Structures are given as structure tokens and as C-alpha cells.
Amino acid sequence: MKRSQTFIRTTKNAPADEVAKNAQLLIRAGFIHKEMAGVYAYLPFGLRVLENIKQVVREEMNTIGGEELLMTTLQPRDIWEKTNRWDDAVVDNWFKTKLKNGTELGVGLTHEEPVVDAVSPYIDSYKDLPIYVYQIAAKFRNELRAKSGILRGREFLMKDMYSFARTQAEHDELYEKAAAAYTKVYERLGIGGQTYRTAADGGYFTERFSDEYQTVSELGEDTIYIDEVKKLAINKEIYTSENLVKLGLKKEDLVEKKAVEVGNIFPLESKYSDTLGLYYTDENGKRQSIIMGCYGIGVSRVMGVLAEHFADDRGLVWPESVAPFRVVLINIGSSSNVMKNTTEVYEKLQQSGVQVLWDDRAEARPGEKFADADLMGIPHRIVTSEKVGDGKLEYKARTQSETKNITLSELLNILVV
RNA sequence: CGGGGUGUGGCGCAGUUGGAUUAGCGCGCUGCGUUUGGGACGCAGAGGCCGGAGGUUCAAGUCCUCUCACCCCGACCA
């Protein structure tokens, strides 16, 4: 698209009430707008990043057989009372509201109960299982304190998947398949190297561990102990010698790091399915419990983590997989030669399916265009000008400082693999 | 929820200690002109009633009371 077509603008100053780097950069670049504490709107370019992250997650969930659906934000009280999660004394970060007639409703903070409710009519027989269902939707949690920009909001975007298996063995298989998919997601998002599968508390109803995906970061709220060789970690919360033995980890191999939880998966056993009356009939006509698993990725949080991690003193440095545009095209000067050359590149890139932002602003000087391109973190930069000359393009990667002159076909070779 | 801090044009700030000309500055914005390879320059403009309410006073952005919001630390949580 052309820069002149968007309403957004970048700023040199970040708002004073934002301390977190992710929020400062994303606001300066015009990607997000703070509506209130812990609640952010996604502006056009920020939304592109968010959608790209969603797409990566979606593709990996689909690959393992996940079926996407969309649950509701408004929640009926009864199903949550059945599992004893309605009472504020049990779950204290509900947002709740009321119908005109006084009926209490919950505002979705997680979706185990409603998912069970939704799939119940379709699961009767062993032939109906196993399944994975997932959604990518907003979650609402009444946190005492929102912080760290989009890393901890009261409204945030989450991918949550739920698996339904016939046996514990089948569940374990689904669980590990999802774990492998998670590893792929973080690799594709560019944070595979610093994201660790981390053993954590499985919850009060299971003896098993849950697994968190923790990305090493100074902003982290968790402390984890990492075994770099095994690419595994253990959360400080359960860091006991007994657990180390269970996990096959040795104290002397571990390094302590702060980390941000970018995802988690955990076994639900048959707590929700049993409680909500969801069973299946096996080959022998006998009623059996369904073993569930639950798999979350904080999509908007991941965006914040990426913004924190991929940044330098000039701004954001998005990985290719999530960048709002792959190429920013900057024309310097507007002589007919330059405009002709630029238009050709722009059209060719679009025809090739490359997402390109043409900074076509006539009033913006070169330095301003460069600064904006850097701030927005677009991976590839192309400059056209009289100086570069006809038929040539100046290329620079966001991660590098040197430029080189290339031809349009050489550019396409770089971008279209 | 405990502790600390902050609210002044779209953004960043000064002014509040010791109340008093028409509330300033930078960025951004509008117009004209000159510029055009790393956030240009000149001239001329527009835009705030100082988070909100109440009070003290001849006089309040500055003092008092209440209130709302935001940030940081902690506890809690994806």
C-alpha cells in the first residue's frame, strides 16, 4: 500500500505513561493505541502484525488437525457453577455483568467449560474421538494490575486449543503433538532460540506437570532454570530436588533466567468433561471418561515479546514472518524518472505477492522516510532516486547498516523464495 | 489490594516552593516561500482554562477537601 493512504503517523516522543519498551515503540510507530490501562487497540499496521502472528499459529494448529471455531465472550453462569469456577472466591479475576432481568453473566476469561458445552452434542461414540478444537479470541481478565504494555493486559488475544482423547495414552500423544507444534510456532516467530519448554505446576487436580513456553527476557515475571543442552527448563515455582529427579534434570546443568510465559499446555485429565457430563461410549458399549488437554498461546503477548526482543535504538526490527510489510519502498525526489522507476518496482512487487509499503509522501524528506522505515521495523528497504539511477535499486536490510545496489530481478530473488 | 509517583493543546515538558500582566516552550498541525540521501529552514497562523467537583481568597494551574485516571514496586495472574 501507499503510505499516503493510511491515517497513521509516527511520533518521536513516546507517551510518558508508558515505560515498557514494547508499548513505547508500538505507540511511536502508530501500531497500537492505548485505550486504558491494560487495554490497547490495534491500528492498521499493528493489526497486520497481529494477524501475521495469528496466521502462523493457525497454520501450525491446523497442521496437527486442530479445527478452528469461535466461542463466545458472554458466558452463562450455570456451566461455571458446575465446575465450581463461578464464585469470586475461587476465580477472582472475572469480569461479570448482568442481563436487564438481573441474570448474571461472565465475560470470558478462559473457555474450558464452554468448549465442553459446545462439543458435547457431537461426541457420543469412540468413533467421534479424538479431536482438537481451538479459537483465537479476546480474553478478559480483571487483573489487579496491568503492566508492561501489551504483555499483561486486561483484554488480550489468546489462542486456546482443547483436546479430547479416549485414553490417557491417546491424550499423551495429542499432548506431545501439540507441544511439537508449539516449538514450531516459536521457531517461525523468530524466538525459538530463546523459548524453552518449561515444567510447571499442573494445577491442584493433577499430579502431572504442565508445560509452559517461556521466552527469556528481562521483563519476565517468571524465573526459570534452563538446561541449555536438553532445551528444557523448570519453573522456580516447582524447583525442588524431587521434581528435578522426576524431570531428569541436574541442578549443576541449570542456568537461572527471567522469562515471559508465551504459552502453556496442560493436562486437564477428565475434570471438566466428567463434571459437565461429557462421556463417550467405547467399543464394548461402556461409558468412558474423556481425557482433555488445554493449550494456550498469548497471541498479543507474543507480539509484545517480539517488539521487546527485536528492536534497536532506531526502532522495531520485525522478523519476516510477522512484519506488517516485507518491503518498504522509498522514493527520493519525484522526477519523472524516479517516479516511473518506483512505480514499476511497486507494481511488480504487488504482482509478485510481496507486501510492500511505498512511502510516497511528497512532503517528507529522505531522513524522515528512513527514520520511519527503521521505526516500523520493515525487514527490507528499497530506495529509488536519481543518484541510484535508472534500472537500479538501493537495497538495505533492516538488520544491516550497509546498502547495495541491485536490480529488480535481484530483489525478487531475495524476496520470492 | 499495600507502598511510591504523576495528571497543564495531539505528544514531550516548564510554570505550583513563596497565589496576581492576555498560561509558556519543543515536536506535531495549517498557509506561503526556500529546501530535498538520515527526522530541514524562514515568515505567518490555529490549537489548552491547567484530570473532575467543591472550597478558601479581592485574586487559584499554584492553597485546602473529596474524587477520577495513569505509571512504577510488591502480592496475584496467560
# chains A, B, ... in the order shown; residues from 1 in each chain; ligands from 1
>>> residues_around(residues="segment 167-176 of chain A", least_positions_apart="3", cutoff="7 Å", atoms="only C-alpha atoms (C1' of nucleotides)", output="list in words")
Ala179, Ala180, Ile291 and Gly293 of chain A
>>> write_last_selection(atoms="C-alpha atoms", output="tab-separated table (two decimals), in the first residue's frame")
chain	number	residue	atom	x	y	z
A	179	ALA	CA	4.00	-29.49	22.16
A	180	ALA	CA	5.89	-30.09	18.93
A	291	ILE	CA	-9.24	-37.05	28.80
A	293	GLY	CA	-5.80	-31.15	27.40
>>> residues_around(residues="Asn243 of chain A", least_positions_apart="5", cutoff="12 Å", atoms="only C-alpha atoms (C1' of nucleotides)", output="NGL selection string")
:A and (199-201 or 207-209 or 233-238 or 248-251)
>>> residues_around(residues="C29 of chain B", least_positions_apart="4", cutoff="10 Å", atoms="only C-alpha atoms (C1' of nucleotides)", output="ChimeraX atom specification")
/B:10,46-47
>>> closest_residue(among="A:Tyr126, A:Phe31, A:Phe140, A:Phe164", to="chain B", atoms="only C-alpha atoms (C1' of nucleotides)")
A:Phe140
>>> residues_around(residues="Gln355 of chain A", least_positions_apart="5", cutoff="12 Å", atoms="only C-alpha atoms (C1' of nucleotides)", output="list of chain:residue names")
A:Met1, A:Lys2, A:Phe45, A:Arg48, A:Asn52, A:Glu320, A:Ser321, A:Val322, A:Ala323, A:Pro324, A:Phe325, A:Arg326, A:Val327, A:Val328, A:Leu329, A:Tyr346, A:Glu347, A:Lys348, A:Leu349, A:Gln350, A:Ile378, A:Pro379, A:His380, A:Leu415, A:Val416
>>> interface_residues(of="chain A", to="chain B", cutoff="7 Å", atoms="only C-alpha atoms (C1' of nucleotides)", output="count of residues only")
13
>>> closest_residue(among="A:Val317, A:Val57, A:Leu99, A:Leu276", to="Leu26 of chain A", atoms="only C-alpha atoms")
A:Val317
>>> select_by_dssp(residues="segment 23-244 of chain A", states="strand (DSSP E or B)", output="PyMOL selection string")
chain A and resi 32-36+39-42+66-68+74-76+95-98+104-107+125+131-140+147+152+155-165+195-201+209-216+222-227+232-235
>>> atom_distance(atom1="atom CA of Gly377 of chain A", atom2="atom CA of Trp318 of chain A")
5.3 Å
>>> residues_around(residues="Ile224 of chain A", least_positions_apart="3", cutoff="12 Å", atoms="only C-alpha atoms (C1' of nucleotides)", output="NGL selection string")
:A and (195-200 or 212-218 or 220-221 or 227-228 or 232-239 or 254-261)
>>> residues_around(residues="segment 306-312 of chain A", least_positions_apart="5", cutoff="9 Å", atoms="only C-alpha atoms (C1' of nucleotides)", output="PyMOL selection string")
chain A and resi 20-23+25-26+189-191+217+219+301+317-319+375+377
>>> write_last_selection(atoms="N, CA and C atoms", output="mmCIF file, in the first residue's frame")
data_model
loop_
_atom_site.group_PDB
_atom_site.id
_atom_site.type_symbol
_atom_site.label_atom_id
_atom_site.label_comp_id
_atom_site.auth_asym_id
_atom_site.auth_seq_id
_atom_site.Cartn_x
_atom_site.Cartn_y
_atom_site.Cartn_z
ATOM 1 N N ALA A 20 7.277 0.492 29.371
ATOM 2 C CA ALA A 20 7.678 -0.731 28.673
ATOM 3 C C ALA A 20 8.086 -0.407 27.243
ATOM 4 N N LYS A 21 9.215 -0.964 26.844
ATOM 5 C CA LYS A 21 9.739 -0.705 25.506
ATOM 6 C C LYS A 21 8.740 -1.100 24.431
ATOM 7 N N ASN A 22 8.068 -2.240 24.623
ATOM 8 C CA ASN A 22 7.142 -2.688 23.578
ATOM 9 C C ASN A 22 6.045 -1.656 23.344
ATOM 10 N N ALA A 23 5.496 -1.112 24.407
ATOM 11 C CA ALA A 23 4.424 -0.129 24.257
ATOM 12 C C ALA A 23 4.963 1.167 23.667
ATOM 13 N N LEU A 25 7.542 1.665 21.672
ATOM 14 C CA LEU A 25 7.846 1.534 20.251
ATOM 15 C C LEU A 25 6.583 1.350 19.419
ATOM 16 N N LEU A 26 5.681 0.523 19.907
ATOM 17 C CA LEU A 26 4.473 0.251 19.137
ATOM 18 C C LEU A 26 3.598 1.496 19.032
ATOM 19 N N LEU A 189 8.246 -17.731 14.563
ATOM 20 C CA LEU A 189 8.118 -16.343 15.007
ATOM 21 C C LEU A 189 9.481 -15.735 15.339
ATOM 22 N N GLY A 190 10.506 -16.526 15.252
ATOM 23 C CA GLY A 190 11.860 -15.991 15.435
ATOM 24 C C GLY A 190 12.380 -16.035 16.854
ATOM 25 N N ILE A 191 11.607 -16.606 17.782
ATOM 26 C CA ILE A 191 12.066 -16.647 19.168
ATOM 27 C C ILE A 191 12.296 -18.079 19.643
ATOM 28 N N SER A 217 13.665 -13.193 28.920
ATOM 29 C CA SER A 217 13.555 -11.747 28.786
ATOM 30 C C SER A 217 13.697 -11.100 30.160
ATOM 31 N N LEU A 219 12.152 -8.648 31.101
ATOM 32 C CA LEU A 219 10.824 -8.217 31.515
ATOM 33 C C LEU A 219 10.035 -9.354 32.154
ATOM 34 N N ARG A 301 0.392 -11.054 23.568
ATOM 35 C CA ARG A 301 1.599 -11.013 24.387
ATOM 36 C C ARG A 301 2.826 -11.351 23.550
ATOM 37 N N VAL A 317 12.360 -4.178 14.835
ATOM 38 C CA VAL A 317 13.057 -4.969 13.811
ATOM 39 C C VAL A 317 12.294 -6.287 13.661
ATOM 40 N N TRP A 318 11.158 -6.242 13.000
ATOM 41 C CA TRP A 318 10.301 -7.433 12.934
ATOM 42 C C TRP A 318 10.957 -8.578 12.177
ATOM 43 N N PRO A 319 10.741 -9.806 12.660
ATOM 44 C CA PRO A 319 11.106 -10.968 11.857
ATOM 45 C C PRO A 319 10.214 -10.983 10.607
ATOM 46 N N LEU A 375 11.853 2.755 12.302
ATOM 47 C CA LEU A 375 10.979 2.677 13.464
ATOM 48 C C LEU A 375 9.925 1.580 13.292
ATOM 49 N N GLY A 377 10.208 -0.998 11.539
ATOM 50 C CA GLY A 377 10.859 -2.315 11.558
ATOM 51 C C GLY A 377 10.613 -3.186 10.350
#
>>> decode(residues="segment 45-78 of chain A", atoms="N, CA and C atoms", output="PDB file, in the first residue's frame")
ATOM      1  N   PHE A  45      -1.411  -1.003  10.985  1.00  0.00           N
ATOM      2  CA  PHE A  45      -0.140  -1.719  10.815  1.00  0.00           C
ATOM      3  C   PHE A  45       0.090  -2.705  11.964  1.00  0.00           C
ATOM      4  N   GLY A  46      -0.337  -2.326  13.157  1.00  0.00           N
ATOM      5  CA  GLY A  46      -0.226  -3.247  14.286  1.00  0.00           C
ATOM      6  C   GLY A  46      -1.103  -4.472  14.074  1.00  0.00           C
ATOM      7  N   LEU A  47      -2.262  -4.223  13.492  1.00  0.00           N
ATOM      8  CA  LEU A  47      -3.178  -5.325  13.219  1.00  0.00           C
ATOM      9  C   LEU A  47      -2.562  -6.297  12.214  1.00  0.00           C
ATOM     10  N   ARG A  48      -1.828  -5.766  11.257  1.00  0.00           N
ATOM     11  CA  ARG A  48      -1.157  -6.640  10.283  1.00  0.00           C
ATOM     12  C   ARG A  48      -0.191  -7.584  11.003  1.00  0.00           C
ATOM     13  N   VAL A  49       0.540  -7.040  11.965  1.00  0.00           N
ATOM     14  CA  VAL A  49       1.487  -7.871  12.715  1.00  0.00           C
ATOM     15  C   VAL A  49       0.719  -8.946  13.488  1.00  0.00           C
ATOM     16  N   LEU A  50      -0.321  -8.497  14.169  1.00  0.00           N
ATOM     17  CA  LEU A  50      -1.127  -9.418  14.959  1.00  0.00           C
ATOM     18  C   LEU A  50      -1.712 -10.528  14.082  1.00  0.00           C
ATOM     19  N   GLU A  51      -2.212 -10.145  12.924  1.00  0.00           N
ATOM     20  CA  GLU A  51      -2.799 -11.129  12.006  1.00  0.00           C
ATOM     21  C   GLU A  51      -1.734 -12.099  11.505  1.00  0.00           C
ATOM     22  N   ASN A  52      -0.538 -11.598  11.285  1.00  0.00           N
ATOM     23  CA  ASN A  52       0.534 -12.484  10.833  1.00  0.00           C
ATOM     24  C   ASN A  52       0.887 -13.508  11.903  1.00  0.00           C
ATOM     25  N   ILE A  53       0.916 -13.050  13.150  1.00  0.00           N
ATOM     26  CA  ILE A  53       1.193 -13.982  14.244  1.00  0.00           C
ATOM     27  C   ILE A  53       0.073 -15.023  14.321  1.00  0.00           C
ATOM     28  N   LYS A  54      -1.165 -14.530  14.246  1.00  0.00           N
ATOM     29  CA  LYS A  54      -2.302 -15.452  14.269  1.00  0.00           C
ATOM     30  C   LYS A  54      -2.191 -16.489  13.167  1.00  0.00           C
ATOM     31  N   GLN A  55      -1.775 -16.048  12.005  1.00  0.00           N
ATOM     32  CA  GLN A  55      -1.703 -16.946  10.863  1.00  0.00           C
ATOM     33  C   GLN A  55      -0.681 -18.064  11.095  1.00  0.00           C
ATOM     34  N   VAL A  56       0.453 -17.697  11.664  1.00  0.00           N
ATOM     35  CA  VAL A  56       1.476 -18.710  11.965  1.00  0.00           C
ATOM     36  C   VAL A  56       0.904 -19.732  12.949  1.00  0.00           C
ATOM     37  N   VAL A  57       0.265 -19.221  13.981  1.00  0.00           N
ATOM     38  CA  VAL A  57      -0.314 -20.108  14.999  1.00  0.00           C
ATOM     39  C   VAL A  57      -1.380 -21.002  14.365  1.00  0.00           C
ATOM     40  N   ARG A  58      -2.226 -20.369  13.589  1.00  0.00           N
ATOM     41  CA  ARG A  58      -3.329 -21.083  12.939  1.00  0.00           C
ATOM     42  C   ARG A  58      -2.806 -22.211  12.048  1.00  0.00           C
ATOM     43  N   GLU A  59      -1.808 -21.898  11.261  1.00  0.00           N
ATOM     44  CA  GLU A  59      -1.274 -22.916  10.347  1.00  0.00           C
ATOM     45  C   GLU A  59      -0.727 -24.121  11.111  1.00  0.00           C
ATOM     46  N   GLU A  60      -0.025 -23.858  12.193  1.00  0.00           N
ATOM     47  CA  GLU A  60       0.552 -24.974  12.945  1.00  0.00           C
ATOM     48  C   GLU A  60      -0.519 -25.780  13.673  1.00  0.00           C
ATOM     49  N   MET A  61      -1.559 -25.108  14.138  1.00  0.00           N
ATOM     50  CA  MET A  61      -2.638 -25.844  14.802  1.00  0.00           C
ATOM     51  C   MET A  61      -3.405 -26.674  13.768  1.00  0.00           C
ATOM     52  N   ASN A  62      -3.608 -26.108  12.601  1.00  0.00           N
ATOM     53  CA  ASN A  62      -4.307 -26.850  11.544  1.00  0.00           C
ATOM     54  C   ASN A  62      -3.496 -28.062  11.110  1.00  0.00           C
ATOM     55  N   THR A  63      -2.173 -27.886  11.089  1.00  0.00           N
ATOM     56  CA  THR A  63      -1.306 -28.979  10.638  1.00  0.00           C
ATOM     57  C   THR A  63      -1.461 -30.221  11.517  1.00  0.00           C
ATOM     58  N   ILE A  64      -1.663 -30.038  12.806  1.00  0.00           N
ATOM     59  CA  ILE A  64      -1.808 -31.216  13.670  1.00  0.00           C
ATOM     60  C   ILE A  64      -3.273 -31.655  13.788  1.00  0.00           C
ATOM     61  N   GLY A  65      -4.135 -31.013  13.003  1.00  0.00           N
ATOM     62  CA  GLY A  65      -5.527 -31.452  12.994  1.00  0.00           C
ATOM     63  C   GLY A  65      -6.464 -30.609  13.831  1.00  0.00           C
ATOM     64  N   GLY A  66      -6.000 -29.456  14.254  1.00  0.00           N
ATOM     65  CA  GLY A  66      -6.869 -28.576  15.023  1.00  0.00           C
ATOM     66  C   GLY A  66      -7.978 -28.012  14.148  1.00  0.00           C
ATOM     67  N   GLU A  67      -9.176 -27.921  14.719  1.00  0.00           N
ATOM     68  CA  GLU A  67     -10.284 -27.304  13.986  1.00  0.00           C
ATOM     69  C   GLU A  67     -10.606 -25.994  14.659  1.00  0.00           C
ATOM     70  N   GLU A  68     -10.626 -24.940  13.854  1.00  0.00           N
ATOM     71  CA  GLU A  68     -10.866 -23.619  14.427  1.00  0.00           C
ATOM     72  C   GLU A  68     -12.357 -23.345  14.590  1.00  0.00           C
ATOM     73  N   LEU A  69     -12.680 -22.760  15.720  1.00  0.00           N
ATOM     74  CA  LEU A  69     -14.051 -22.324  15.958  1.00  0.00           C
ATOM     75  C   LEU A  69     -13.974 -21.028  16.746  1.00  0.00           C
ATOM     76  N   LEU A  70     -15.102 -20.472  17.089  1.00  0.00           N
ATOM     77  CA  LEU A  70     -15.086 -19.234  17.864  1.00  0.00           C
ATOM     78  C   LEU A  70     -16.108 -19.324  18.978  1.00  0.00           C
ATOM     79  N   MET A  71     -15.615 -19.264  20.202  1.00  0.00           N
ATOM     80  CA  MET A  71     -16.500 -19.321  21.356  1.00  0.00           C
ATOM     81  C   MET A  71     -17.005 -17.915  21.668  1.00  0.00           C
ATOM     82  N   THR A  72     -17.862 -17.830  22.687  1.00  0.00           N
ATOM     83  CA  THR A  72     -18.473 -16.536  22.981  1.00  0.00           C
ATOM     84  C   THR A  72     -17.768 -15.826  24.131  1.00  0.00           C
ATOM     85  N   THR A  73     -17.925 -14.532  24.149  1.00  0.00           N
ATOM     86  CA  THR A  73     -17.386 -13.728  25.240  1.00  0.00           C
ATOM     87  C   THR A  73     -18.349 -13.746  26.422  1.00  0.00           C
ATOM     88  N   LEU A  74     -19.638 -13.629  26.153  1.00  0.00           N
ATOM     89  CA  LEU A  74     -20.625 -13.678  27.238  1.00  0.00           C
ATOM     90  C   LEU A  74     -20.814 -15.127  27.668  1.00  0.00           C
ATOM     91  N   GLN A  75     -20.763 -15.339  28.955  1.00  0.00           N
ATOM     92  CA  GLN A  75     -20.798 -16.688  29.488  1.00  0.00           C
ATOM     93  C   GLN A  75     -21.954 -16.883  30.469  1.00  0.00           C
ATOM     94  N   PRO A  76     -22.657 -18.006  30.328  1.00  0.00           N
ATOM     95  CA  PRO A  76     -23.739 -18.302  31.270  1.00  0.00           C
ATOM     96  C   PRO A  76     -23.165 -18.808  32.591  1.00  0.00           C
ATOM     97  N   ARG A  77     -23.827 -18.483  33.640  1.00  0.00           N
ATOM     98  CA  ARG A  77     -23.331 -18.817  34.965  1.00  0.00           C
ATOM     99  C   ARG A  77     -23.326 -20.321  35.265  1.00  0.00           C
ATOM    100  N   ASP A  78     -24.351 -21.030  34.785  1.00  0.00           N
ATOM    101  CA  ASP A  78     -24.561 -22.406  35.264  1.00  0.00           C
ATOM    102  C   ASP A  78     -23.397 -23.364  34.992  1.00  0.00           C
TER     103      ASP A  78
END
